[in-house]
Amino acid sequence: MNPNSKVLVVDSDPAIQRLLAILLEAERCRVVGARTQEEGLAKAAALAPDLVILELELPGCDGFALLAALRRQVRAPVLALSAHASVGDVVRALDDGACDCVRKPFNGAEMAARVRAQLRLRRSLGANIFIRESRDQAPAPREILVNGLRLELTAKEEAVLQVLARRPGALVTIHDLLSAIWGSAGAAQLHELRVYITRLRRKLEACGAANLIESERNVGYSLCVGVGRDP
């Protein structure tokens, strides 16, 4: 595990906070705790964590709403914790963007292994996208390189990627994507957008850049990588 990994633990139970701090500091992580929704969001913004561990049953808080807020705010994976989650709750947490869901009480060795796995995955997804604008507009107005490999896209696939690339790491809503690409008629093109997202993901994966396009169900998509451009 990278000794510089930063893990934010958002949990109202002081005992869980202490246990996770002991487990993860033994793995040479920097652990920061938060016990409320407000504190969690503030520390997520300030810390830019590599992983967030989130209790779904924070007092006075809708855990799923907080999960959605964190997914919009940070690029880090979110590992959900729950003492009372049903199978349906686990499925909902995963569908809403959690990378994993662990029930309390948990085994310490298993939890440390799950954290290591998520941090390894995060590091393995490193990739770069470079957009080079053509000086003479021929044979194409731009060239898109992913990890040094040319990415061959259709016009609509490139349009989708360009909209996401303008705001790397940020959630771009479905409405904004449809409006930017299809204009006022965009509402009828949702199925087509999903097809292009699927094709883009496959082509990026073929260039060694899997999982760069993340989705928040029924809300939008984000491109989780930096983008360079010719000056």
# chains A, B, ... in the order shown; residues from 1 in each chain; ligands from 1
>>> residues_around(residues="Leu58 in chain A", least_positions_apart="3", cutoff="10 Å", atoms="only C-alpha atoms", output="VMD selection string")
chain A and resid 10 to 13 35 to 37 54 to 55 61 to 63 66 82
>>> closest_residue(among="A:Ala46, A:Val7, A:Glu27, A:Val146", to="Val78 in chain A", atoms="only C-alpha atoms")
A:Val7
>>> closest_residue(among="A:Arg30, A:Val91, A:Val115, A:Ala69", to="Ile53 in chain A", atoms="only C-alpha atoms")
A:Val115
>>> residues_around(residues="Leu47 in chain A", least_positions_apart="5", cutoff="9 Å", atoms="only C-alpha atoms", output="PDB file with C-alpha atoms, in the first residue's frame")
ATOM      1  CA  LYS A   6      -5.146   9.268   2.515  1.00  0.00           C
ATOM      2  CA  VAL A   7      -8.256   7.597   3.911  1.00  0.00           C
ATOM      3  CA  LEU A   8     -11.237   9.569   5.214  1.00  0.00           C
ATOM      4  CA  VAL A  32      -8.621  11.363   8.978  1.00  0.00           C
ATOM      5  CA  ALA A  42     -15.807  19.500   4.602  1.00  0.00           C
TER       6      ALA A  42
END
>>> select_by_dssp(residues="range 11-97 of chain A", states="strand (DSSP E)", output="list in words")
Arg30, Val31, Val32, Gly33, Ala34, Leu51, Val52, Ile53, Leu54, Glu55, Val78, Leu79, Ala80, Leu81 and Ser82 of chain A
>>> residues_around(residues="range 97-105 of chain A", least_positions_apart="5", cutoff="9 Å", atoms="only C-alpha atoms", output="list in words")
Leu67, Ala68, Arg71, Pro77, Val78, Leu79, Ala80, Leu81, Ser82, Ala83, His84, Ala85, Val90, Val91, Arg92, Met111, Arg114, Gln118, Glu214, Ser215, Glu216 and Arg217 of chain A
>>> write_last_selection(atoms="C-alpha atoms", output="mmCIF file, in the first residue's frame")
data_model
loop_
_atom_site.group_PDB
_atom_site.id
_atom_site.type_symbol
_atom_site.label_atom_id
_atom_site.label_comp_id
_atom_site.auth_asym_id
_atom_site.auth_seq_id
_atom_site.Cartn_x
_atom_site.Cartn_y
_atom_site.Cartn_z
ATOM 1 C CA LEU A 67 -22.943 8.859 -0.671
ATOM 2 C CA ALA A 68 -24.241 10.709 -3.738
ATOM 3 C CA ARG A 71 -19.396 10.870 -5.318
ATOM 4 C CA PRO A 77 -13.779 5.341 -4.268
ATOM 5 C CA VAL A 78 -16.263 5.119 -1.389
ATOM 6 C CA LEU A 79 -16.447 1.977 0.753
ATOM 7 C CA ALA A 80 -19.805 1.839 2.564
ATOM 8 C CA LEU A 81 -20.188 0.515 6.126
ATOM 9 C CA SER A 82 -23.510 -0.606 7.592
ATOM 10 C CA ALA A 83 -24.724 -2.374 10.718
ATOM 11 C CA HIS A 84 -28.267 -2.875 9.410
ATOM 12 C CA ALA A 85 -28.051 -3.065 5.625
ATOM 13 C CA VAL A 90 -26.215 -3.238 -0.322
ATOM 14 C CA VAL A 91 -27.366 -3.415 -3.933
ATOM 15 C CA ARG A 92 -28.534 0.217 -3.794
ATOM 16 C CA MET A 111 -11.248 -4.839 6.121
ATOM 17 C CA ARG A 114 -10.474 -4.654 1.112
ATOM 18 C CA GLN A 118 -9.310 -0.515 -3.550
ATOM 19 C CA GLU A 214 -17.728 6.542 -14.151
ATOM 20 C CA SER A 215 -21.497 6.806 -13.894
ATOM 21 C CA GLU A 216 -24.003 7.856 -11.282
ATOM 22 C CA ARG A 217 -27.237 6.056 -12.013
#
>>> select_by_dssp(residues="chain A", states="helix (DSSP H, G or I)", output="number ranges by chain")
A: 14-25, 37-47, 63-73, 87-95, 108-124, 155-165, 174-206
>>> residues_around(residues="range 178-182 of chain A", least_positions_apart="2", cutoff="10 Å", atoms="only C-alpha atoms", output="PyMOL selection string")
chain A and resi 156+159-160+162-163+173-176+184-190+192-193
>>> closest_residue(among="A:Arg72, A:Lys43, A:Gly60, A:Pro168", to="Asp96 in chain A", atoms="only C-alpha atoms")
A:Arg72
